[in-house]
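Student: run-v2.cif is reproduced below (mmCIF, C-alpha atoms).
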data_upload
#
loop_
_atom_site.group_PDB
_atom_site.id
_atom_site.type_symbol
_atom_site.label_atom_id
_atom_site.label_comp_id
_atom_site.auth_asym_id
_atom_site.auth_seq_id
_atom_site.Cartn_x
_atom_site.Cartn_y
_atom_site.Cartn_z
ATOM 1 C CA MET V 1 -15.229 -5.288 112.098
ATOM 2 C CA SER V 2 -15.783 -6.861 108.750
ATOM 3 C CA THR V 3 -19.148 -8.104 107.574
ATOM 4 C CA ASN V 4 -17.178 -10.638 105.523
ATOM 5 C CA ASP V 5 -16.173 -12.344 108.758
ATOM 6 C CA ALA V 6 -19.813 -13.213 109.502
ATOM 7 C CA ARG V 7 -20.702 -16.909 109.837
ATOM 8 C CA VAL V 8 -24.028 -18.679 109.344
ATOM 9 C CA LYS V 9 -23.972 -22.464 109.543
ATOM 10 C CA ARG V 10 -26.033 -25.489 110.527
ATOM 11 C CA ALA V 11 -24.902 -27.180 113.741
ATOM 12 C CA GLU V 12 -25.522 -30.666 112.319
ATOM 13 C CA GLN V 13 -22.935 -30.046 109.602
ATOM 14 C CA VAL V 14 -20.115 -29.408 112.066
ATOM 15 C CA THR V 15 -17.623 -32.232 112.782
ATOM 16 C CA TRP V 16 -18.119 -34.273 115.951
ATOM 17 C CA ASN V 17 -15.156 -35.272 118.142
ATOM 18 C CA GLU V 18 -15.031 -37.877 120.888
ATOM 19 C CA VAL V 19 -14.395 -36.496 124.384
ATOM 20 C CA LYS V 20 -11.727 -38.843 125.698
ATOM 21 C CA ALA V 21 -12.262 -37.922 129.354
ATOM 22 C CA GLY V 22 -15.963 -38.821 129.036
ATOM 23 C CA THR V 23 -18.157 -41.841 128.303
ATOM 24 C CA ALA V 24 -20.409 -41.840 125.206
ATOM 25 C CA THR V 25 -19.702 -38.111 124.936
ATOM 26 C CA ARG V 26 -18.998 -36.125 121.761
ATOM 27 C CA THR V 27 -18.476 -32.440 121.111
ATOM 28 C CA GLN V 28 -18.514 -29.962 118.230
ATOM 29 C CA VAL V 29 -16.873 -26.535 118.017
ATOM 30 C CA LEU V 30 -19.739 -24.517 116.511
ATOM 31 C CA LEU V 31 -17.835 -21.211 116.619
ATOM 32 C CA GLY V 32 -14.199 -21.196 117.700
ATOM 33 C CA PRO V 33 -10.586 -20.735 116.697
ATOM 34 C CA ASP V 34 -11.168 -21.853 113.074
ATOM 35 C CA ASP V 35 -13.720 -19.051 112.721
ATOM 36 C CA HIS V 36 -11.402 -16.551 114.466
ATOM 37 C CA MET V 37 -13.848 -15.721 117.257
ATOM 38 C CA PRO V 38 -12.442 -12.658 119.028
ATOM 39 C CA ASN V 39 -13.377 -13.433 122.647
ATOM 40 C CA PHE V 40 -15.098 -16.777 123.290
ATOM 41 C CA ALA V 41 -16.104 -20.071 121.671
ATOM 42 C CA MET V 42 -19.408 -21.948 121.357
ATOM 43 C CA ARG V 43 -19.342 -25.739 121.598
ATOM 44 C CA ARG V 44 -22.165 -28.313 121.595
ATOM 45 C CA PHE V 45 -21.940 -31.544 123.600
ATOM 46 C CA ARG V 46 -23.993 -34.697 123.133
ATOM 47 C CA MET V 47 -24.025 -37.528 125.678
ATOM 48 C CA GLU V 48 -25.735 -40.822 124.830
ATOM 49 C CA ALA V 49 -27.414 -43.329 127.176
ATOM 50 C CA GLY V 50 -25.038 -44.368 129.953
ATOM 51 C CA GLY V 51 -22.798 -41.427 129.147
ATOM 52 C CA GLY V 52 -21.303 -38.631 131.152
ATOM 53 C CA MET V 53 -18.081 -37.197 132.469
ATOM 54 C CA PRO V 54 -16.324 -37.934 135.756
ATOM 55 C CA LEU V 55 -15.625 -35.243 138.347
ATOM 56 C CA HIS V 56 -13.107 -32.840 136.802
ATOM 57 C CA THR V 57 -11.979 -29.244 136.714
ATOM 58 C CA ASN V 58 -11.275 -26.902 133.806
ATOM 59 C CA ALA V 59 -8.978 -23.892 133.727
ATOM 60 C CA VAL V 60 -11.750 -21.796 132.126
ATOM 61 C CA GLU V 61 -15.327 -21.078 133.155
ATOM 62 C CA HIS V 62 -18.347 -22.606 131.361
ATOM 63 C CA GLU V 63 -21.634 -20.938 130.483
ATOM 64 C CA GLN V 64 -24.065 -23.673 129.447
ATOM 65 C CA TYR V 65 -27.623 -24.039 128.103
ATOM 66 C CA VAL V 66 -29.332 -27.431 127.985
ATOM 67 C CA LEU V 67 -30.955 -28.214 124.625
ATOM 68 C CA SER V 68 -32.418 -31.692 125.176
ATOM 69 C CA GLY V 69 -32.394 -34.728 127.432
ATOM 70 C CA ARG V 70 -31.851 -34.844 131.153
ATOM 71 C CA ALA V 71 -28.805 -35.295 133.392
ATOM 72 C CA LYS V 72 -27.450 -35.058 136.902
ATOM 73 C CA VAL V 73 -24.790 -32.372 137.079
ATOM 74 C CA ARG V 74 -22.642 -32.147 140.176
ATOM 75 C CA ILE V 75 -20.862 -28.848 140.866
ATOM 76 C CA GLY V 76 -18.757 -28.912 144.012
ATOM 77 C CA GLY V 77 -20.956 -30.511 146.662
ATOM 78 C CA ASP V 78 -24.305 -29.816 144.949
ATOM 79 C CA VAL V 79 -26.137 -32.120 142.536
ATOM 80 C CA HIS V 80 -28.650 -30.609 140.098
ATOM 81 C CA GLU V 81 -31.064 -32.363 137.738
ATOM 82 C CA VAL V 82 -31.100 -30.348 134.512
ATOM 83 C CA HIS V 83 -33.121 -30.484 131.279
ATOM 84 C CA GLU V 84 -34.130 -28.304 128.307
ATOM 85 C CA GLY V 85 -33.928 -24.644 129.282
ATOM 86 C CA SER V 86 -31.596 -25.168 132.232
ATOM 87 C CA VAL V 87 -28.809 -22.590 132.432
ATOM 88 C CA LEU V 88 -25.515 -23.328 134.192
ATOM 89 C CA TYR V 89 -22.456 -21.325 135.130
ATOM 90 C CA ILE V 90 -19.503 -23.444 136.230
ATOM 91 C CA PRO V 91 -16.661 -21.239 137.523
ATOM 92 C CA ALA V 92 -13.079 -21.933 136.426
ATOM 93 C CA GLY V 93 -11.599 -24.534 138.734
ATOM 94 C CA ALA V 94 -14.924 -25.785 140.122
ATOM 95 C CA PRO V 95 -15.106 -29.608 140.214
ATOM 96 C CA HIS V 96 -18.058 -30.838 138.140
ATOM 97 C CA SER V 97 -19.446 -34.046 136.622
ATOM 98 C CA TYR V 98 -22.274 -35.196 134.314
ATOM 99 C CA GLU V 99 -24.424 -38.333 134.418
ATOM 100 C CA VAL V 100 -27.047 -38.860 131.728
ATOM 101 C CA ILE V 101 -30.593 -39.667 132.894
ATOM 102 C CA GLU V 102 -32.383 -39.267 129.546
ATOM 103 C CA ALA V 103 -30.463 -39.424 126.254
ATOM 104 C CA PRO V 104 -29.430 -37.778 124.122
ATOM 105 C CA PHE V 105 -28.401 -35.113 126.617
ATOM 106 C CA GLU V 106 -27.310 -32.080 124.605
ATOM 107 C CA PHE V 107 -26.038 -28.717 125.763
ATOM 108 C CA LEU V 108 -24.205 -25.664 124.533
ATOM 109 C CA CYS V 109 -21.018 -24.763 126.397
ATOM 110 C CA MET V 110 -19.363 -21.396 125.911
ATOM 111 C CA VAL V 111 -15.768 -20.810 127.032
ATOM 112 C CA PRO V 112 -13.434 -17.798 126.852
ATOM 113 C CA ASN V 113 -10.481 -17.722 124.433
ATOM 114 C CA ARG V 114 -7.942 -18.965 126.944
ATOM 115 C CA GLU V 115 -6.015 -22.196 127.097
ATOM 116 C CA ASP V 116 -8.003 -24.857 128.901
ATOM 117 C CA ARG V 117 -6.660 -27.732 130.920
ATOM 118 C CA ILE V 118 -8.863 -30.558 132.178
ATOM 119 C CA GLU V 119 -7.953 -32.374 135.376
ATOM 120 C CA ILE V 120 -9.829 -35.444 136.570
ATOM 121 C CA VAL V 121 -10.666 -35.161 140.270
ATOM 122 C CA ASP V 122 -12.353 -38.524 140.756
ATOM 123 C CA PRO V 123 -12.658 -41.031 137.887
ATOM 124 C CA SER V 124 -15.498 -42.845 139.678
ATOM 125 C CA CYS V 125 -18.041 -40.016 139.791
ATOM 126 C CA MET F 126 -12.513 -19.625 141.342
ATOM 127 C CA SER F 127 -15.155 -20.360 143.889
ATOM 128 C CA THR F 128 -17.614 -23.202 143.579
ATOM 129 C CA ASN F 129 -19.997 -20.945 145.529
ATOM 130 C CA ASP F 130 -20.205 -18.682 142.494
ATOM 131 C CA ALA F 131 -21.794 -21.462 140.426
ATOM 132 C CA ARG F 132 -25.279 -20.828 139.009
ATOM 133 C CA VAL F 133 -27.990 -23.280 137.974
ATOM 134 C CA LYS F 134 -31.331 -21.792 136.961
ATOM 135 C CA ARG F 135 -34.341 -22.297 134.700
ATOM 136 C CA ALA F 136 -34.483 -19.928 131.722
ATOM 137 C CA GLU F 137 -38.268 -19.511 132.032
ATOM 138 C CA GLN F 138 -37.853 -18.030 135.514
ATOM 139 C CA VAL F 139 -35.657 -15.161 134.316
ATOM 140 C CA THR F 140 -37.242 -11.714 133.825
ATOM 141 C CA TRP F 141 -38.200 -10.680 130.288
ATOM 142 C CA ASN F 142 -37.547 -7.154 129.006
ATOM 143 C CA GLU F 143 -38.971 -5.454 125.933
ATOM 144 C CA VAL F 144 -36.415 -4.604 123.237
ATOM 145 C CA LYS F 145 -37.323 -1.019 122.370
ATOM 146 C CA ALA F 146 -35.474 -1.020 119.041
ATOM 147 C CA GLY F 147 -37.446 -4.095 117.926
ATOM 148 C CA THR F 148 -41.037 -5.133 117.211
ATOM 149 C CA ALA F 149 -42.697 -7.861 119.322
ATOM 150 C CA THR F 150 -39.228 -8.662 120.654
ATOM 151 C CA ARG F 151 -38.252 -9.486 124.242
ATOM 152 C CA THR F 152 -34.991 -10.516 125.846
ATOM 153 C CA GLN F 153 -33.686 -12.118 129.045
ATOM 154 C CA VAL F 154 -30.215 -11.965 130.545
ATOM 155 C CA LEU F 155 -29.702 -15.630 131.455
ATOM 156 C CA LEU F 156 -26.145 -15.106 132.721
ATOM 157 C CA GLY F 157 -24.739 -11.598 132.905
ATOM 158 C CA PRO F 158 -23.591 -8.742 135.119
ATOM 159 C CA ASP F 159 -25.936 -9.667 137.992
ATOM 160 C CA ASP F 160 -24.270 -13.093 138.126
ATOM 161 C CA HIS F 161 -20.771 -11.539 137.837
ATOM 162 C CA MET F 162 -19.831 -13.408 134.672
ATOM 163 C CA PRO F 163 -16.092 -12.873 134.194
ATOM 164 C CA ASN F 164 -15.902 -12.615 130.396
ATOM 165 C CA PHE F 165 -19.195 -12.781 128.478
ATOM 166 C CA ALA F 166 -22.977 -12.831 128.900
ATOM 167 C CA MET F 167 -25.726 -15.188 127.701
ATOM 168 C CA ARG F 168 -29.031 -13.679 126.632
ATOM 169 C CA ARG F 169 -32.181 -15.268 125.144
ATOM 170 C CA PHE F 170 -34.378 -13.418 122.641
ATOM 171 C CA ARG F 171 -37.965 -14.214 121.698
ATOM 172 C CA MET F 172 -39.700 -12.617 118.702
ATOM 173 C CA GLU F 173 -43.435 -13.127 118.174
ATOM 174 C CA ALA F 174 -45.420 -13.176 114.911
ATOM 175 C CA GLY F 175 -44.777 -10.030 112.893
ATOM 176 C CA GLY F 176 -41.743 -9.275 115.021
ATOM 177 C CA GLY F 177 -38.143 -8.514 114.302
ATOM 178 C CA MET F 178 -35.491 -5.846 114.454
ATOM 179 C CA PRO F 179 -34.565 -3.243 111.836
ATOM 180 C CA LEU F 180 -31.110 -3.028 110.282
ATOM 181 C CA HIS F 181 -28.721 -1.996 113.056
ATOM 182 C CA THR F 182 -25.181 -2.316 114.319
ATOM 183 C CA ASN F 183 -23.814 -3.200 117.754
ATOM 184 C CA ALA F 184 -20.465 -2.263 119.256
ATOM 185 C CA VAL F 185 -19.903 -5.895 120.306
ATOM 186 C CA GLU F 186 -19.950 -9.157 118.380
ATOM 187 C CA HIS F 187 -22.768 -11.714 118.698
ATOM 188 C CA GLU F 188 -22.515 -15.494 118.818
ATOM 189 C CA GLN F 189 -26.007 -16.920 118.366
ATOM 190 C CA TYR F 190 -27.788 -20.293 118.373
ATOM 191 C CA VAL F 191 -31.379 -20.610 117.150
ATOM 192 C CA LEU F 192 -33.639 -22.550 119.544
ATOM 193 C CA SER F 193 -37.020 -22.447 117.765
ATOM 194 C CA GLY F 194 -39.038 -20.788 115.011
ATOM 195 C CA ARG F 195 -37.755 -19.430 111.735
ATOM 196 C CA ALA F 196 -36.571 -16.010 110.565
ATOM 197 C CA LYS F 197 -34.820 -14.082 107.843
ATOM 198 C CA VAL F 198 -31.579 -12.631 109.142
ATOM 199 C CA ARG F 199 -29.750 -10.089 107.044
ATOM 200 C CA ILE F 200 -26.053 -9.539 107.723
ATOM 201 C CA GLY F 201 -24.492 -6.909 105.501
ATOM 202 C CA GLY F 202 -25.711 -7.702 101.991
ATOM 203 C CA ASP F 203 -26.597 -11.368 102.651
ATOM 204 C CA VAL F 204 -29.987 -12.717 103.759
ATOM 205 C CA HIS F 205 -30.132 -16.092 105.526
ATOM 206 C CA GLU F 206 -33.160 -18.147 106.518
ATOM 207 C CA VAL F 207 -32.411 -19.649 109.924
ATOM 208 C CA HIS F 208 -34.160 -22.144 112.192
ATOM 209 C CA GLU F 209 -33.453 -24.532 115.106
ATOM 210 C CA GLY F 210 -29.791 -25.486 115.100
ATOM 211 C CA SER F 211 -28.622 -22.512 113.023
ATOM 212 C CA VAL F 212 -25.434 -20.920 114.333
ATOM 213 C CA LEU F 213 -24.576 -17.279 113.618
ATOM 214 C CA TYR F 214 -21.582 -15.054 114.201
ATOM 215 C CA ILE F 215 -22.284 -11.363 113.651
ATOM 216 C CA PRO F 216 -19.066 -9.313 113.891
ATOM 217 C CA ALA F 217 -19.010 -6.078 115.903
ATOM 218 C CA GLY F 218 -20.184 -3.251 113.670
ATOM 219 C CA ALA F 219 -21.819 -5.482 111.025
ATOM 220 C CA PRO F 220 -25.288 -4.219 110.017
ATOM 221 C CA HIS F 221 -27.915 -6.896 110.686
ATOM 222 C CA SER F 222 -31.711 -7.293 110.904
ATOM 223 C CA TYR F 223 -34.293 -9.944 111.853
ATOM 224 C CA GLU F 224 -37.716 -10.705 110.348
ATOM 225 C CA VAL F 225 -39.818 -13.484 111.864
ATOM 226 C CA ILE F 226 -41.181 -16.113 109.465
ATOM 227 C CA GLU F 227 -42.426 -18.626 112.046
ATOM 228 C CA ALA F 228 -43.083 -17.576 115.649
ATOM 229 C CA PRO F 229 -41.989 -17.728 118.321
ATOM 230 C CA PHE F 230 -38.475 -17.235 116.973
ATOM 231 C CA GLU F 231 -36.086 -17.830 119.849
ATOM 232 C CA PHE F 232 -32.316 -17.677 119.968
ATOM 233 C CA LEU F 233 -29.432 -17.420 122.383
ATOM 234 C CA CYS F 234 -27.096 -14.454 121.899
ATOM 235 C CA MET F 235 -23.738 -14.323 123.642
ATOM 236 C CA VAL F 236 -21.814 -11.040 123.920
ATOM 237 C CA PRO F 237 -18.493 -10.088 125.523
ATOM 238 C CA ASN F 238 -18.345 -8.003 128.719
ATOM 239 C CA ARG F 239 -17.917 -4.694 126.949
ATOM 240 C CA GLU F 240 -20.217 -1.711 126.695
ATOM 241 C CA ASP F 241 -22.607 -2.119 123.797
ATOM 242 C CA ARG F 242 -24.160 0.615 121.716
ATOM 243 C CA ILE F 243 -26.938 -0.049 119.203
ATOM 244 C CA GLU F 244 -27.287 2.182 116.146
ATOM 245 C CA ILE F 245 -30.200 1.881 113.738
ATOM 246 C CA VAL F 246 -28.979 1.857 110.142
ATOM 247 C CA ASP F 247 -32.344 1.705 108.382
ATOM 248 C CA PRO F 248 -35.621 1.683 110.346
ATOM 249 C CA SER F 249 -37.494 0.219 107.353
ATOM 250 C CA CYS F 250 -35.631 -3.084 107.048
#
Produce structure tokens that represent the structure in this file.
Tutor:
Amino acid sequence: MSTNDARVKRAEQVTWNEVKAGTATRTQVLLGPDDHMPNFAMRRFRMEAGGGMPLHTNAVEHEQYVLSGRAKVRIGGDVHEVHEGSVLYIPAGAPHSYEVIEAPFEFLCMVPNREDRIEIVDPSC
Amino acid sequence: MSTNDARVKRAEQVTWNEVKAGTATRTQVLLGPDDHMPNFAMRRFRMEAGGGMPLHTNAVEHEQYVLSGRAKVRIGGDVHEVHEGSVLYIPAGAPHSYEVIEAPFEFLCMVPNREDRIEIVDPSC
């Protein structure tokens, strides 16, 4: 450990990046490789009106917490309507998609320090 | 992976537990051992007026996101005032404390799947 490695920052000051696989979807790495996180990363996603992501898989699991807005999230064959205070665990390899109902839809998404690979299952949903 | 292992829940339905080392401080395990998380856990803390935690260390690092309220957080020799949207990384072994300024002070705290041990450094701060 080193106390000097501590980080305190404001989320709104972190750079946003477009998510190419999504629609009207941006993401920030709040704590990640640049901060030398030892085990996992914290990202924040924001999806605007009409936004979302098609059915896809990731090579790593997601632990998510919804901060604002409302969306339909499909995981495998189940569709969930989620909003502030919803907690989601999406296992590695599980097909999932997002469709915004009320924007902005914002959530935290934590992932382990392992290489991810996104694969689109169905571009239409 | 198994899509059947997915979890979707409401944070307010998860059991609260008192944090014995703290004052007016409760915590919930939103995603953790009971859900068989493969790499890390998500907890939520809530500190009421007059609440906080004395200077202590943990054996595991913390990645935190402030959801509501306001508090002074000391990490090593630095004191930070944090509120909604503040992001914190507290390295394993770094002495840290919390003092509520505006209640309820709520934050998410993610930790790796490793045994933790809390040690109080200074009960007075």
Student: Counting all atoms listed in the file, collect the residues of chain F whose closest atom lies at most 8 Å from chain V, and write them out as number ranges by chain.
Tutor: F: 126-128, 130-137, 155-156, 164-165, 167, 188, 200-201, 205, 210-220, 237
Student: Can you show chain F as a PDB file with C-alpha atoms, in the frame of the given file once it has been least-squares superposed onto chain V, using every C-alpha atom paired in order?
Tutor:
ATOM      1  CA  MET F 126     -15.186  -5.309 112.088  1.00  0.00           C
ATOM      2  CA  SER F 127     -15.787  -6.841 108.727  1.00  0.00           C
ATOM      3  CA  THR F 128     -19.158  -8.076 107.573  1.00  0.00           C
ATOM      4  CA  ASN F 129     -17.181 -10.616 105.520  1.00  0.00           C
ATOM      5  CA  ASP F 130     -16.182 -12.328 108.753  1.00  0.00           C
ATOM      6  CA  ALA F 131     -19.815 -13.201 109.510  1.00  0.00           C
ATOM      7  CA  ARG F 132     -20.707 -16.896 109.828  1.00  0.00           C
ATOM      8  CA  VAL F 133     -24.033 -18.667 109.347  1.00  0.00           C
ATOM      9  CA  LYS F 134     -23.983 -22.458 109.533  1.00  0.00           C
ATOM     10  CA  ARG F 135     -26.038 -25.496 110.522  1.00  0.00           C
ATOM     11  CA  ALA F 136     -24.906 -27.174 113.747  1.00  0.00           C
ATOM     12  CA  GLU F 137     -25.522 -30.669 112.331  1.00  0.00           C
ATOM     13  CA  GLN F 138     -22.942 -30.053 109.601  1.00  0.00           C
ATOM     14  CA  VAL F 139     -20.110 -29.406 112.061  1.00  0.00           C
ATOM     15  CA  THR F 140     -17.619 -32.220 112.778  1.00  0.00           C
ATOM     16  CA  TRP F 141     -18.107 -34.267 115.951  1.00  0.00           C
ATOM     17  CA  ASN F 142     -15.155 -35.272 118.137  1.00  0.00           C
ATOM     18  CA  GLU F 143     -15.027 -37.880 120.884  1.00  0.00           C
ATOM     19  CA  VAL F 144     -14.395 -36.502 124.380  1.00  0.00           C
ATOM     20  CA  LYS F 145     -11.706 -38.842 125.693  1.00  0.00           C
ATOM     21  CA  ALA F 146     -12.250 -37.929 129.350  1.00  0.00           C
ATOM     22  CA  GLY F 147     -15.950 -38.822 129.041  1.00  0.00           C
ATOM     23  CA  THR F 148     -18.153 -41.836 128.301  1.00  0.00           C
ATOM     24  CA  ALA F 149     -20.408 -41.846 125.208  1.00  0.00           C
ATOM     25  CA  THR F 150     -19.699 -38.122 124.926  1.00  0.00           C
ATOM     26  CA  ARG F 151     -19.000 -36.125 121.759  1.00  0.00           C
ATOM     27  CA  THR F 152     -18.469 -32.442 121.108  1.00  0.00           C
ATOM     28  CA  GLN F 153     -18.502 -29.949 118.229  1.00  0.00           C
ATOM     29  CA  VAL F 154     -16.878 -26.538 118.009  1.00  0.00           C
ATOM     30  CA  LEU F 155     -19.739 -24.515 116.511  1.00  0.00           C
ATOM     31  CA  LEU F 156     -17.832 -21.217 116.618  1.00  0.00           C
ATOM     32  CA  GLY F 157     -14.205 -21.205 117.696  1.00  0.00           C
ATOM     33  CA  PRO F 158     -10.584 -20.724 116.679  1.00  0.00           C
ATOM     34  CA  ASP F 159     -11.166 -21.845 113.071  1.00  0.00           C
ATOM     35  CA  ASP F 160     -13.730 -19.047 112.713  1.00  0.00           C
ATOM     36  CA  HIS F 161     -11.413 -16.533 114.462  1.00  0.00           C
ATOM     37  CA  MET F 162     -13.850 -15.713 117.252  1.00  0.00           C
ATOM     38  CA  PRO F 163     -12.443 -12.649 119.023  1.00  0.00           C
ATOM     39  CA  ASN F 164     -13.384 -13.434 122.632  1.00  0.00           C
ATOM     40  CA  PHE F 165     -15.103 -16.774 123.291  1.00  0.00           C
ATOM     41  CA  ALA F 166     -16.103 -20.068 121.668  1.00  0.00           C
ATOM     42  CA  MET F 167     -19.408 -21.946 121.347  1.00  0.00           C
ATOM     43  CA  ARG F 168     -19.347 -25.724 121.600  1.00  0.00           C
ATOM     44  CA  ARG F 169     -22.168 -28.312 121.589  1.00  0.00           C
ATOM     45  CA  PHE F 170     -21.944 -31.543 123.596  1.00  0.00           C
ATOM     46  CA  ARG F 171     -24.001 -34.695 123.121  1.00  0.00           C
ATOM     47  CA  MET F 172     -24.030 -37.527 125.673  1.00  0.00           C
ATOM     48  CA  GLU F 173     -25.738 -40.824 124.834  1.00  0.00           C
ATOM     49  CA  ALA F 174     -27.410 -43.334 127.179  1.00  0.00           C
ATOM     50  CA  GLY F 175     -25.041 -44.375 129.952  1.00  0.00           C
ATOM     51  CA  GLY F 176     -22.798 -41.438 129.149  1.00  0.00           C
ATOM     52  CA  GLY F 177     -21.306 -38.638 131.147  1.00  0.00           C
ATOM     53  CA  MET F 178     -18.087 -37.200 132.468  1.00  0.00           C
ATOM     54  CA  PRO F 179     -16.320 -37.921 135.762  1.00  0.00           C
ATOM     55  CA  LEU F 180     -15.632 -35.239 138.356  1.00  0.00           C
ATOM     56  CA  HIS F 181     -13.116 -32.839 136.814  1.00  0.00           C
ATOM     57  CA  THR F 182     -11.975 -29.245 136.727  1.00  0.00           C
ATOM     58  CA  ASN F 183     -11.267 -26.908 133.814  1.00  0.00           C
ATOM     59  CA  ALA F 184      -8.971 -23.896 133.729  1.00  0.00           C
ATOM     60  CA  VAL F 185     -11.743 -21.809 132.126  1.00  0.00           C
ATOM     61  CA  GLU F 186     -15.319 -21.082 133.143  1.00  0.00           C
ATOM     62  CA  HIS F 187     -18.334 -22.604 131.361  1.00  0.00           C
ATOM     63  CA  GLU F 188     -21.629 -20.952 130.479  1.00  0.00           C
ATOM     64  CA  GLN F 189     -24.067 -23.674 129.442  1.00  0.00           C
ATOM     65  CA  TYR F 190     -27.619 -24.030 128.097  1.00  0.00           C
ATOM     66  CA  VAL F 191     -29.336 -27.426 127.986  1.00  0.00           C
ATOM     67  CA  LEU F 192     -30.962 -28.203 124.617  1.00  0.00           C
ATOM     68  CA  SER F 193     -32.420 -31.691 125.180  1.00  0.00           C
ATOM     69  CA  GLY F 194     -32.397 -34.746 127.432  1.00  0.00           C
ATOM     70  CA  ARG F 195     -31.862 -34.834 131.165  1.00  0.00           C
ATOM     71  CA  ALA F 196     -28.816 -35.297 133.396  1.00  0.00           C
ATOM     72  CA  LYS F 197     -27.453 -35.048 136.899  1.00  0.00           C
ATOM     73  CA  VAL F 198     -24.791 -32.370 137.082  1.00  0.00           C
ATOM     74  CA  ARG F 199     -22.650 -32.137 140.176  1.00  0.00           C
ATOM     75  CA  ILE F 200     -20.869 -28.855 140.873  1.00  0.00           C
ATOM     76  CA  GLY F 201     -18.766 -28.924 144.014  1.00  0.00           C
ATOM     77  CA  GLY F 202     -20.967 -30.524 146.666  1.00  0.00           C
ATOM     78  CA  ASP F 203     -24.314 -29.818 144.944  1.00  0.00           C
ATOM     79  CA  VAL F 204     -26.149 -32.123 142.524  1.00  0.00           C
ATOM     80  CA  HIS F 205     -28.662 -30.606 140.091  1.00  0.00           C
ATOM     81  CA  GLU F 206     -31.066 -32.350 137.735  1.00  0.00           C
ATOM     82  CA  VAL F 207     -31.103 -30.348 134.509  1.00  0.00           C
ATOM     83  CA  HIS F 208     -33.123 -30.488 131.295  1.00  0.00           C
ATOM     84  CA  GLU F 209     -34.130 -28.308 128.307  1.00  0.00           C
ATOM     85  CA  GLY F 210     -33.935 -24.657 129.282  1.00  0.00           C
ATOM     86  CA  SER F 211     -31.589 -25.173 132.241  1.00  0.00           C
ATOM     87  CA  VAL F 212     -28.811 -22.592 132.429  1.00  0.00           C
ATOM     88  CA  LEU F 213     -25.513 -23.327 134.186  1.00  0.00           C
ATOM     89  CA  TYR F 214     -22.456 -21.320 135.122  1.00  0.00           C
ATOM     90  CA  ILE F 215     -19.509 -23.441 136.234  1.00  0.00           C
ATOM     91  CA  PRO F 216     -16.656 -21.245 137.519  1.00  0.00           C
ATOM     92  CA  ALA F 217     -13.074 -21.934 136.419  1.00  0.00           C
ATOM     93  CA  GLY F 218     -11.586 -24.543 138.730  1.00  0.00           C
ATOM     94  CA  ALA F 219     -14.924 -25.791 140.126  1.00  0.00           C
ATOM     95  CA  PRO F 220     -15.112 -29.612 140.215  1.00  0.00           C
ATOM     96  CA  HIS F 221     -18.066 -30.838 138.145  1.00  0.00           C
ATOM     97  CA  SER F 222     -19.448 -34.063 136.627  1.00  0.00           C
ATOM     98  CA  TYR F 223     -22.276 -35.195 134.320  1.00  0.00           C
ATOM     99  CA  GLU F 224     -24.435 -38.339 134.423  1.00  0.00           C
ATOM    100  CA  VAL F 225     -27.056 -38.862 131.722  1.00  0.00           C
ATOM    101  CA  ILE F 226     -30.594 -39.662 132.891  1.00  0.00           C
ATOM    102  CA  GLU F 227     -32.384 -39.270 129.549  1.00  0.00           C
ATOM    103  CA  ALA F 228     -30.463 -39.434 126.263  1.00  0.00           C
ATOM    104  CA  PRO F 229     -29.420 -37.787 124.128  1.00  0.00           C
ATOM    105  CA  PHE F 230     -28.398 -35.108 126.615  1.00  0.00           C
ATOM    106  CA  GLU F 231     -27.316 -32.084 124.611  1.00  0.00           C
ATOM    107  CA  PHE F 232     -26.052 -28.716 125.757  1.00  0.00           C
ATOM    108  CA  LEU F 233     -24.207 -25.665 124.529  1.00  0.00           C
ATOM    109  CA  CYS F 234     -21.017 -24.766 126.400  1.00  0.00           C
ATOM    110  CA  MET F 235     -19.367 -21.394 125.915  1.00  0.00           C
ATOM    111  CA  VAL F 236     -15.763 -20.811 127.024  1.00  0.00           C
ATOM    112  CA  PRO F 237     -13.429 -17.807 126.842  1.00  0.00           C
ATOM    113  CA  ASN F 238     -10.474 -17.720 124.424  1.00  0.00           C
ATOM    114  CA  ARG F 239      -7.940 -18.959 126.937  1.00  0.00           C
ATOM    115  CA  GLU F 240      -5.997 -22.191 127.100  1.00  0.00           C
ATOM    116  CA  ASP F 241      -7.991 -24.851 128.896  1.00  0.00           C
ATOM    117  CA  ARG F 242      -6.648 -27.732 130.923  1.00  0.00           C
ATOM    118  CA  ILE F 243      -8.860 -30.560 132.183  1.00  0.00           C
ATOM    119  CA  GLU F 244      -7.938 -32.391 135.383  1.00  0.00           C
ATOM    120  CA  ILE F 245      -9.828 -35.451 136.585  1.00  0.00           C
ATOM    121  CA  VAL F 246     -10.660 -35.156 140.278  1.00  0.00           C
ATOM    122  CA  ASP F 247     -12.336 -38.531 140.772  1.00  0.00           C
ATOM    123  CA  PRO F 248     -12.667 -41.031 137.902  1.00  0.00           C
ATOM    124  CA  SER F 249     -15.494 -42.856 139.715  1.00  0.00           C
ATOM    125  CA  CYS F 250     -18.032 -40.025 139.852  1.00  0.00           C
TER     126      CYS F 250
END
Student: Counting only C-alpha atoms, select every polymer residue within 12 Å of (-36.8, 3.3, 109.1) as defined in the file's coordinates, and provide the selection as a compact mmCIF listing (two decimals) with C-alpha atoms, keeping the file's coordinate frame.
Tutor:
# COMPACT_ATOMS: atom_id res chain seq x y z
CA ALA F 146 -35.47 -1.02 119.04
CA GLY F 147 -37.45 -4.10 117.93
CA MET F 178 -35.49 -5.85 114.45
CA PRO F 179 -34.56 -3.24 111.84
CA LEU F 180 -31.11 -3.03 110.28
CA HIS F 181 -28.72 -2.00 113.06
CA SER F 222 -31.71 -7.29 110.90
CA GLU F 244 -27.29 2.18 116.15
CA ILE F 245 -30.20 1.88 113.74
CA VAL F 246 -28.98 1.86 110.14
CA ASP F 247 -32.34 1.70 108.38
CA PRO F 248 -35.62 1.68 110.35
CA SER F 249 -37.49 0.22 107.35
CA CYS F 250 -35.63 -3.08 107.05
